[in-house]
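Below is start_17.csv, which holds CSV, C-alpha atoms.
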```csv
chain,number,residue,atom,x,y,z
T,1,MET,CA,14.7,-9.9,-6.7
T,2,ARG,CA,12.8,-7.2,-4.9
T,3,ASN,CA,9.9,-7.6,-2.6
T,4,LEU,CA,6.2,-6.8,-2.9
T,5,VAL,CA,5.1,-5.0,0.2
T,6,TYR,CA,1.5,-4.4,1.3
T,7,TYR,CA,2.0,-1.2,3.3
T,8,ILE,CA,-1.4,0.1,4.6
T,9,ALA,CA,-3.3,1.6,7.5
T,10,VAL,CA,-5.7,-0.8,9.1
T,11,THR,CA,-8.1,-0.8,12.1
T,12,LEU,CA,-7.8,-3.2,15.0
T,13,ASP,CA,-10.5,-5.3,13.5
T,14,GLY,CA,-8.8,-5.6,10.1
T,15,PHE,CA,-10.5,-2.9,7.9
T,16,ILE,CA,-8.7,-0.5,5.6
T,17,ALA,CA,-11.7,1.8,5.1
T,18,ALA,CA,-15.3,2.2,6.2
T,19,PRO,CA,-18.0,0.6,4.0
T,20,ASP,CA,-18.3,3.8,1.9
T,21,GLY,CA,-14.5,3.8,1.3
T,22,SER,CA,-13.7,6.6,3.7
T,23,TYR,CA,-10.8,6.4,6.0
T,24,ASP,CA,-11.1,9.6,8.1
T,25,CYS,CA,-11.3,7.4,11.3
T,26,PHE,CA,-7.6,6.8,11.1
T,27,VAL,CA,-5.3,8.8,13.4
T,28,PRO,CA,-4.1,11.6,11.1
T,29,ASP,CA,-1.0,12.9,12.9
T,30,GLY,CA,1.3,12.3,15.8
T,31,ASP,CA,4.6,10.7,16.3
T,32,HIS,CA,3.9,7.9,13.8
T,33,LEU,CA,3.5,10.5,11.1
T,34,ASP,CA,6.9,11.9,12.0
T,35,ALA,CA,8.3,8.4,11.5
T,36,ILE,CA,6.7,8.1,8.1
T,37,VAL,CA,8.1,11.5,7.0
T,38,ASP,CA,11.6,10.5,8.2
T,39,GLU,CA,11.7,6.9,7.1
T,40,LEU,CA,9.2,6.4,4.2
T,41,PRO,CA,8.6,9.9,2.7
T,42,GLU,CA,7.8,8.5,-0.7
T,43,THR,CA,4.6,6.9,0.7
T,44,LEU,CA,3.1,10.3,1.3
T,45,PRO,CA,0.9,11.7,-1.5
T,46,VAL,CA,2.0,14.7,-3.5
T,47,HIS,CA,-0.1,17.3,-1.6
T,48,VAL,CA,1.3,16.1,1.8
T,49,ARG,CA,4.8,15.9,0.5
T,50,ASP,CA,4.4,19.6,-0.6
T,51,MET,CA,3.3,20.5,2.9
T,52,PHE,CA,6.4,19.0,4.4
T,53,GLY,CA,8.7,20.3,1.6
T,54,LEU,CA,9.7,16.7,0.7
T,55,ASP,CA,11.4,16.2,-2.7
T,56,GLY,CA,14.2,13.8,-2.1
T,57,PRO,CA,14.8,10.3,-3.4
T,58,PRO,CA,12.7,7.3,-2.2
T,59,ALA,CA,13.8,5.5,0.9
T,60,ARG,CA,12.2,2.1,0.1
T,61,PHE,CA,9.7,2.1,-2.8
T,62,ASP,CA,10.0,3.4,-6.4
T,63,THR,CA,6.8,1.7,-7.7
T,64,LEU,CA,3.3,1.4,-6.4
T,65,LEU,CA,0.2,-0.6,-7.3
T,66,MET,CA,-3.3,0.4,-6.5
T,67,GLY,CA,-6.9,-0.4,-7.4
T,68,ARG,CA,-9.3,2.1,-8.9
T,69,GLU,CA,-11.1,2.7,-5.6
T,70,THR,CA,-7.8,3.7,-4.0
T,71,LEU,CA,-7.2,6.3,-6.8
T,72,GLN,CA,-10.8,7.6,-6.8
T,73,PRO,CA,-10.5,10.0,-3.8
T,74,ALA,CA,-7.6,11.8,-5.5
T,75,LEU,CA,-9.6,11.9,-8.8
T,76,ASP,CA,-12.6,13.4,-7.0
T,77,VAL,CA,-10.5,16.4,-5.9
T,78,GLY,CA,-8.8,16.8,-9.3
T,79,ILE,CA,-5.5,15.0,-8.5
T,80,THR,CA,-4.8,12.7,-11.5
T,81,SER,CA,-1.5,11.5,-10.1
T,82,PRO,CA,-1.3,11.3,-6.3
T,83,TYR,CA,2.3,9.9,-6.3
T,84,PRO,CA,4.0,11.5,-9.3
T,85,HIS,CA,7.4,10.9,-7.7
T,86,LEU,CA,6.8,7.1,-8.1
T,87,ARG,CA,5.9,4.8,-11.0
T,88,GLN,CA,2.2,4.1,-10.5
T,89,TYR,CA,0.1,1.3,-11.8
T,90,VAL,CA,-3.7,1.4,-11.3
T,91,PHE,CA,-5.6,-1.8,-11.9
T,92,SER,CA,-9.0,-1.1,-13.4
T,93,ARG,CA,-11.3,-2.5,-16.1
T,94,THR,CA,-13.3,0.8,-16.3
T,95,LEU,CA,-10.8,3.7,-16.2
T,96,ALA,CA,-9.6,5.1,-19.5
T,97,PRO,CA,-5.8,5.2,-20.2
T,98,SER,CA,-4.2,8.0,-18.3
T,99,ASP,CA,-2.6,11.0,-20.0
T,100,ASP,CA,-0.2,11.4,-17.1
T,101,PRO,CA,3.2,9.8,-17.8
T,102,THR,CA,3.7,8.8,-14.2
T,103,LEU,CA,0.5,6.7,-14.0
T,104,THR,CA,-0.4,3.6,-16.1
T,105,VAL,CA,-3.9,2.1,-16.1
T,106,VAL,CA,-3.7,-1.7,-16.3
T,107,ASN,CA,-6.8,-3.8,-17.2
T,108,GLU,CA,-5.2,-7.2,-17.1
T,109,ASP,CA,-4.4,-9.8,-14.5
T,110,PRO,CA,-2.0,-8.2,-12.0
T,111,ILE,CA,0.0,-11.3,-11.2
T,112,GLY,CA,2.0,-11.2,-14.5
T,113,LEU,CA,2.9,-7.5,-14.1
T,114,VAL,CA,3.9,-8.0,-10.5
T,115,ARG,CA,6.2,-10.9,-11.3
T,116,SER,CA,7.9,-8.8,-13.9
T,117,LEU,CA,8.3,-5.8,-11.6
T,118,LYS,CA,9.7,-8.0,-8.8
T,119,ALA,CA,12.3,-9.4,-11.3
T,120,GLU,CA,13.6,-5.9,-12.2
T,121,ASP,CA,17.1,-5.0,-11.1
T,122,SER,CA,16.3,-2.3,-8.5
T,123,GLU,CA,17.4,-1.5,-5.0
T,124,TYR,CA,13.8,-0.5,-4.2
T,125,ASP,CA,10.7,-2.6,-3.4
T,126,VAL,CA,7.2,-2.5,-4.9
T,127,TRP,CA,4.4,-1.1,-2.7
T,128,ILE,CA,0.8,-2.2,-2.8
T,129,CYS,CA,-1.0,1.0,-1.7
T,130,GLY,CA,-4.5,-0.5,-1.7
T,131,GLY,CA,-7.0,-1.8,-1.8
T,132,GLY,CA,-8.3,-5.0,-0.4
T,133,ASN,CA,-9.5,-6.5,-3.7
T,134,LEU,CA,-6.1,-6.0,-5.4
T,135,ALA,CA,-4.3,-7.2,-2.3
T,136,GLY,CA,-6.5,-10.3,-2.3
T,137,GLN,CA,-5.6,-11.0,-6.0
T,138,LEU,CA,-1.9,-10.5,-5.2
T,139,LEU,CA,-1.7,-12.4,-1.9
T,140,PRO,CA,0.4,-15.2,-3.3
T,141,GLU,CA,3.0,-12.7,-4.4
T,142,ILE,CA,3.1,-10.5,-1.2
T,143,ASP,CA,6.4,-10.8,0.6
T,144,GLU,CA,5.8,-8.5,3.4
T,145,LEU,CA,2.8,-7.0,5.3
T,146,PHE,CA,3.6,-3.6,6.8
T,147,LEU,CA,0.6,-2.6,8.8
T,148,LYS,CA,-0.1,0.8,10.4
T,149,VAL,CA,-2.6,-0.5,13.0
T,150,ASN,CA,-4.8,2.3,14.2
T,151,PRO,CA,-6.5,2.2,17.6
T,152,VAL,CA,-10.0,2.1,16.0
T,153,VAL,CA,-12.7,-0.5,15.6
T,154,LEU,CA,-15.1,-0.1,12.7
T,155,GLY,CA,-17.2,-3.3,13.0
T,156,ARG,CA,-17.6,-3.4,9.2
T,157,GLY,CA,-15.9,-2.0,6.1
T,158,ILE,CA,-13.4,-2.8,3.4
T,159,GLY,CA,-11.2,-5.7,4.6
T,160,LEU,CA,-7.5,-5.8,4.5
T,161,PHE,CA,-8.0,-8.6,2.0
T,162,SER,CA,-11.1,-9.2,0.0
T,163,SER,CA,-11.5,-11.9,-2.5
T,164,GLY,CA,-13.0,-10.0,-5.5
T,165,ILE,CA,-11.5,-12.1,-8.2
T,166,GLY,CA,-9.7,-15.3,-7.3
T,167,PRO,CA,-10.1,-18.1,-4.8
T,168,ASP,CA,-12.8,-17.7,-2.2
T,169,PRO,CA,-12.1,-18.5,0.6
T,170,PHE,CA,-8.4,-17.7,0.4
T,171,PRO,CA,-5.9,-20.5,1.0
T,172,ALA,CA,-4.2,-20.0,4.3
T,173,GLU,CA,-1.0,-17.9,3.9
T,174,ARG,CA,1.4,-17.9,6.9
T,175,PHE,CA,3.6,-14.8,7.7
T,176,GLU,CA,6.2,-14.5,10.4
T,177,HIS,CA,6.3,-11.5,12.7
T,178,LEU,CA,9.4,-9.4,12.0
T,179,GLU,CA,9.0,-6.4,14.3
T,180,SER,CA,6.5,-4.0,15.9
T,181,ARG,CA,6.8,-0.4,17.1
T,182,GLN,CA,4.2,1.4,19.3
T,183,PHE,CA,3.8,5.1,19.0
T,184,ASP,CA,2.3,7.6,21.6
T,185,SER,CA,-0.4,8.4,19.0
T,186,GLY,CA,-1.8,5.0,19.6
T,187,VAL,CA,-0.7,3.7,16.1
T,188,ARG,CA,1.4,0.6,16.0
T,189,PHE,CA,3.6,-0.4,13.0
T,190,SER,CA,3.7,-4.2,12.6
T,191,ARG,CA,5.7,-6.0,10.0
T,192,PHE,CA,5.3,-9.6,8.9
T,193,ILE,CA,7.2,-11.4,6.2
T,194,ARG,CA,6.6,-14.6,4.2
T,195,PRO,CA,9.0,-17.2,5.6
T,196,ASP,CA,10.6,-17.8,2.1
T,197,ALA,CA,11.2,-14.0,1.7
T,198,ARG,CA,14.0,-13.9,4.2
```

For the structure just supplied, provide its representation as structure tokens.
Amino acid sequence: MRNLVYYIAVTLDGFIAAPDGSYDCFVPDGDHLDAIVDELPETLPVHVRDMFGLDGPPARFDTLLMGRETLQPALDVGITSPYPHLRQYVFSRTLAPSDDPTLTVVNEDPIGLVRSLKAEDSEYDVWICGGGNLAGQLLPEIDELFLKVNPVVLGRGIGLFSSGIGPDPFPAERFEHLESRQFDSGVRFSRFIRPDAR
């Protein structure tokens, strides 16, 4: 059984993007980026991987899940498949099916698909790339939170979890701190796991 990991950048006050969906407030480079390149290169989109000359196998993830709003910035600049080196599922009730073989548009409840992905025989985990609405729907299935906490306060924006579809308010879900690592850039990696995922 592999894990579902919500690996995402977040502000100190719990937002993954500004109210308009932008995320240019996050620290773009520094020693935390070096760690990502070295340890999780598959989590970099194709244009960044090309800049670093990355083309090796994944380190941790072979599949990613995202909502339409997470995909939209790539579509806006003509990138139809931002992570072609991974199997990508985009959850949307409005997007047409993709012609790209590396990206599948899904317009059904994500829980069933996630449970089937987690049950696959694979050495790699499944990555929730964003956004807050999808993460909110999948909260009962998330085994690990891997937060890239940026030294920024937005005050308002798109939350780490938003209810969208599903229970509102959320039932309390407890996670245990696994580890944290502080970088000179000001970014902190913090990992939390669901107690029964150990």

Open item on the list: Report as a PyMOL selection string all protein, DNA and RNA residues lying within 9 Å of Glu39 (chain T), evaluated on only C-alpha atoms, omitting residues in the same chain fewer than 5 positions from it.
Closed with: chain T and resi 34+59-60

TODO: In Å, rounded to a single decimal, give me how far CA of Phe91 (chain T) is from CA of Phe189 (chain T).
DONE: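 Between these atoms lies a distance of 26.6 Å.
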
Open item on the list: Which residues are close to Ser190 (chain T), i.e. within 9 Å by all atoms listed in the file, leaving aside same-chain residues fewer than 5 positions away? Reply as an NGL selection string.
Closed with: :T and (145-149 or 177-182)

Open item on the list: Just the number, please: distance in Å from CA of Pro28 (chain T) to CA of Val90 (chain T), one decimal.
Closed with: 24.6 Å

Task: Residue nearest Thr11 (chain T) among T:Glu69, T:Asp24, T:Asp143, T:Asp29 (counting all atoms listed in the file) - done: T:Asp24

- [ ] Can you work out the spacing between CA of Val126 (chain T) and CA of Leu54 (chain T) in Å, to one decimal?
- [x]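 Between CA of Val126 (chain T) and CA of Leu54 (chain T) the gap is 20.2 Å.
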
TODO: Write out as a ChimeraX atom specification the residues lying within 12 Å of Ser116 (chain T), counting all atoms listed in the file and excluding same-chain residues fewer than 4 positions away.
DONE: /T:1-4,110-112,120-122,126,141

TODO: Give me the residues within 12 Å of Ile8 (chain T) as number ranges by chain, counting only C-alpha atoms and dropping any in the same chain fewer than 6 places off.
DONE: T: 14-17, 23, 26, 36, 43-44, 66, 70, 127-132, 135, 144-150, 159-161, 188-191

Open item on the list: Which residue is closest to Arg194 (chain T)? Choose from T:Ile142, T:Ile158, T:Val152, T:Cys25 and count all atoms listed in the file.
Closed with: T:Ile142

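If you measure from each of T:Val114, T:Glu42, T:Glu108, T:Gly56 to Tyr83 (chain T) using all atoms listed in the file, the closest one turns out to be T:Glu42.
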
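Nearest to Ser185 (chain T) of all the residues T:Pro171, T:Gly30, T:Pro19, T:Gly53 is T:Gly30, counting all atoms listed in the file.
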
Task: Among listed residues T:Gly67, T:Gly186, T:Gly157, T:Pro151, nearest Asn107 (chain T) (using only C-alpha atoms) - done: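 Ranked by minimum distance to Asn107 (chain T), first place goes to T:Gly67.
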
TODO: List the neighbours of Pro57 (chain T) out to 9 Å using all atoms listed in the file; skip same-chain residues closer than 3 positions along the sequence, and give me the result as a PyMOL selection string.
DONE: chain T and resi 41-42+62+85

Task: Residue nearest His32 (chain T) among T:Arg93, T:Val187, T:Ile193, T:Val46 (counting all atoms listed in the file) - done: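 Looking at the shortest contact to His32 (chain T), the residue is T:Val187.
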
Report, as AutoDock Vina command-line options, the centre and edge lengths in Å (one decimal) of the axis-aligned box enclosing every listed atom of region 107-126 of chain T, padded by 4 Å on each side.
```
--center_x 5.3 --center_y -5.9 --center_z -10.3 --size_x 32.2 --size_y 18.8 --size_z 21.8
```

Working from the structure I just supplied, which lacks atoms in region 174-185 of chain T, can you model all heavy atoms there and output them as a PDB file, in the coordinates of the input?
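The result, stored in selection14.pdb:
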```
ATOM      1  N   ARG T 174       0.789 -18.134   5.578  1.00  0.00           N
ATOM      2  CA  ARG T 174       1.400 -17.900   6.900  1.00  0.00           C
ATOM      3  C   ARG T 174       2.522 -16.799   6.695  1.00  0.00           C
ATOM      4  O   ARG T 174       3.327 -16.854   5.765  1.00  0.00           O
ATOM      5  CB  ARG T 174       2.034 -19.136   7.434  1.00  0.00           C
ATOM      6  CG  ARG T 174       2.654 -18.935   8.807  1.00  0.00           C
ATOM      7  CD  ARG T 174       3.076 -20.246   9.431  1.00  0.00           C
ATOM      8  NE  ARG T 174       3.699 -20.035  10.728  1.00  0.00           N
ATOM      9  CZ  ARG T 174       3.033 -19.860  11.866  1.00  0.00           C
ATOM     10  NH1 ARG T 174       1.723 -19.877  11.856  1.00  0.00           N
ATOM     11  NH2 ARG T 174       3.673 -19.674  13.001  1.00  0.00           N
ATOM     12  N   PHE T 175       2.533 -15.840   7.613  1.00  0.00           N
ATOM     13  CA  PHE T 175       3.600 -14.800   7.700  1.00  0.00           C
ATOM     14  C   PHE T 175       4.203 -14.856   9.058  1.00  0.00           C
ATOM     15  O   PHE T 175       3.546 -15.190  10.048  1.00  0.00           O
ATOM     16  CB  PHE T 175       2.982 -13.433   7.408  1.00  0.00           C
ATOM     17  CG  PHE T 175       2.619 -13.187   5.971  1.00  0.00           C
ATOM     18  CD1 PHE T 175       1.442 -13.689   5.438  1.00  0.00           C
ATOM     19  CD2 PHE T 175       3.461 -12.457   5.151  1.00  0.00           C
ATOM     20  CE1 PHE T 175       1.105 -13.467   4.121  1.00  0.00           C
ATOM     21  CE2 PHE T 175       3.136 -12.232   3.819  1.00  0.00           C
ATOM     22  CZ  PHE T 175       1.959 -12.738   3.302  1.00  0.00           C
ATOM     23  N   GLU T 176       5.483 -14.517   9.128  1.00  0.00           N
ATOM     24  CA  GLU T 176       6.200 -14.500  10.400  1.00  0.00           C
ATOM     25  C   GLU T 176       6.341 -13.039  10.864  1.00  0.00           C
ATOM     26  O   GLU T 176       6.602 -12.138  10.055  1.00  0.00           O
ATOM     27  CB  GLU T 176       7.602 -15.088  10.240  1.00  0.00           C
ATOM     28  CG  GLU T 176       7.599 -16.546   9.894  1.00  0.00           C
ATOM     29  CD  GLU T 176       9.000 -17.105   9.695  1.00  0.00           C
ATOM     30  OE1 GLU T 176       9.971 -16.323   9.726  1.00  0.00           O
ATOM     31  OE2 GLU T 176       9.120 -18.323   9.505  1.00  0.00           O
ATOM     32  N   HIS T 177       6.163 -12.818  12.171  1.00  0.00           N
ATOM     33  CA  HIS T 177       6.300 -11.500  12.700  1.00  0.00           C
ATOM     34  C   HIS T 177       7.785 -11.067  12.640  1.00  0.00           C
ATOM     35  O   HIS T 177       8.679 -11.802  13.044  1.00  0.00           O
ATOM     36  CB  HIS T 177       5.855 -11.466  14.190  1.00  0.00           C
ATOM     37  CG  HIS T 177       5.998 -10.136  14.839  1.00  0.00           C
ATOM     38  ND1 HIS T 177       6.997  -9.860  15.737  1.00  0.00           N
ATOM     39  CD2 HIS T 177       5.278  -8.994  14.698  1.00  0.00           C
ATOM     40  CE1 HIS T 177       6.880  -8.604  16.137  1.00  0.00           C
ATOM     41  NE2 HIS T 177       5.840  -8.058  15.526  1.00  0.00           N
ATOM     42  N   LEU T 178       8.018  -9.887  12.106  1.00  0.00           N
ATOM     43  CA  LEU T 178       9.400  -9.400  12.000  1.00  0.00           C
ATOM     44  C   LEU T 178       9.660  -8.345  13.073  1.00  0.00           C
ATOM     45  O   LEU T 178      10.673  -8.439  13.777  1.00  0.00           O
ATOM     46  CB  LEU T 178       9.573  -8.731  10.593  1.00  0.00           C
ATOM     47  CG  LEU T 178      10.972  -8.258  10.243  1.00  0.00           C
ATOM     48  CD1 LEU T 178      11.956  -9.415  10.246  1.00  0.00           C
ATOM     49  CD2 LEU T 178      10.970  -7.554   8.882  1.00  0.00           C
ATOM     50  N   GLU T 179       8.770  -7.364  13.219  1.00  0.00           N
ATOM     51  CA  GLU T 179       9.000  -6.400  14.300  1.00  0.00           C
ATOM     52  C   GLU T 179       7.674  -5.575  14.449  1.00  0.00           C
ATOM     53  O   GLU T 179       6.827  -5.518  13.558  1.00  0.00           O
ATOM     54  CB  GLU T 179      10.102  -5.403  13.929  1.00  0.00           C
ATOM     55  CG  GLU T 179       9.835  -4.551  12.703  1.00  0.00           C
ATOM     56  CD  GLU T 179      10.936  -3.530  12.444  1.00  0.00           C
ATOM     57  OE1 GLU T 179      11.916  -3.498  13.203  1.00  0.00           O
ATOM     58  OE2 GLU T 179      10.798  -2.762  11.476  1.00  0.00           O
ATOM     59  N   SER T 180       7.553  -4.936  15.621  1.00  0.00           N
ATOM     60  CA  SER T 180       6.500  -4.000  15.900  1.00  0.00           C
ATOM     61  C   SER T 180       7.001  -2.810  16.634  1.00  0.00           C
ATOM     62  O   SER T 180       7.964  -2.919  17.393  1.00  0.00           O
ATOM     63  CB  SER T 180       5.351  -4.672  16.722  1.00  0.00           C
ATOM     64  OG  SER T 180       4.646  -5.632  15.958  1.00  0.00           O
ATOM     65  N   ARG T 181       6.358  -1.675  16.404  1.00  0.00           N
ATOM     66  CA  ARG T 181       6.800  -0.400  17.100  1.00  0.00           C
ATOM     67  C   ARG T 181       5.512   0.336  17.464  1.00  0.00           C
ATOM     68  O   ARG T 181       4.673   0.620  16.616  1.00  0.00           O
ATOM     69  CB  ARG T 181       7.638   0.382  16.129  1.00  0.00           C
ATOM     70  CG  ARG T 181       8.187   1.637  16.745  1.00  0.00           C
ATOM     71  CD  ARG T 181       9.320   2.293  15.949  1.00  0.00           C
ATOM     72  NE  ARG T 181       9.292   2.078  14.537  1.00  0.00           N
ATOM     73  CZ  ARG T 181       9.767   2.959  13.640  1.00  0.00           C
ATOM     74  NH1 ARG T 181      10.296   4.091  14.034  1.00  0.00           N
ATOM     75  NH2 ARG T 181       9.727   2.702  12.356  1.00  0.00           N
ATOM     76  N   GLN T 182       5.392   0.642  18.747  1.00  0.00           N
ATOM     77  CA  GLN T 182       4.200   1.400  19.300  1.00  0.00           C
ATOM     78  C   GLN T 182       4.543   2.848  19.379  1.00  0.00           C
ATOM     79  O   GLN T 182       5.620   3.228  19.827  1.00  0.00           O
ATOM     80  CB  GLN T 182       3.836   0.818  20.641  1.00  0.00           C
ATOM     81  CG  GLN T 182       2.591   1.440  21.227  1.00  0.00           C
ATOM     82  CD  GLN T 182       1.337   1.073  20.456  1.00  0.00           C
ATOM     83  OE1 GLN T 182       1.108  -0.093  20.159  1.00  0.00           O
ATOM     84  NE2 GLN T 182       0.525   2.070  20.129  1.00  0.00           N
ATOM     85  N   PHE T 183       3.583   3.699  18.962  1.00  0.00           N
ATOM     86  CA  PHE T 183       3.800   5.100  19.000  1.00  0.00           C
ATOM     87  C   PHE T 183       2.808   5.742  20.052  1.00  0.00           C
ATOM     88  O   PHE T 183       1.762   5.173  20.361  1.00  0.00           O
ATOM     89  CB  PHE T 183       3.509   5.761  17.647  1.00  0.00           C
ATOM     90  CG  PHE T 183       4.534   5.372  16.626  1.00  0.00           C
ATOM     91  CD1 PHE T 183       4.322   4.266  15.818  1.00  0.00           C
ATOM     92  CD2 PHE T 183       5.716   6.090  16.492  1.00  0.00           C
ATOM     93  CE1 PHE T 183       5.275   3.882  14.879  1.00  0.00           C
ATOM     94  CE2 PHE T 183       6.668   5.722  15.555  1.00  0.00           C
ATOM     95  CZ  PHE T 183       6.449   4.620  14.749  1.00  0.00           C
ATOM     96  N   ASP T 184       3.185   6.912  20.578  1.00  0.00           N
ATOM     97  CA  ASP T 184       2.300   7.600  21.600  1.00  0.00           C
ATOM     98  C   ASP T 184       0.979   7.962  20.962  1.00  0.00           C
ATOM     99  O   ASP T 184       0.004   8.102  21.687  1.00  0.00           O
ATOM    100  CB  ASP T 184       3.034   8.873  22.054  1.00  0.00           C
ATOM    101  CG  ASP T 184       4.264   8.574  22.904  1.00  0.00           C
ATOM    102  OD1 ASP T 184       4.371   7.441  23.415  1.00  0.00           O
ATOM    103  OD2 ASP T 184       5.121   9.468  23.039  1.00  0.00           O
ATOM    104  N   SER T 185       0.903   8.116  19.645  1.00  0.00           N
ATOM    105  CA  SER T 185      -0.400   8.400  19.000  1.00  0.00           C
ATOM    106  C   SER T 185      -1.382   7.311  19.093  1.00  0.00           C
ATOM    107  O   SER T 185      -2.561   7.506  18.813  1.00  0.00           O
ATOM    108  CB  SER T 185      -0.108   8.705  17.487  1.00  0.00           C
ATOM    109  OG  SER T 185       0.370   7.526  16.847  1.00  0.00           O
TER     110      SER T 185
END
```
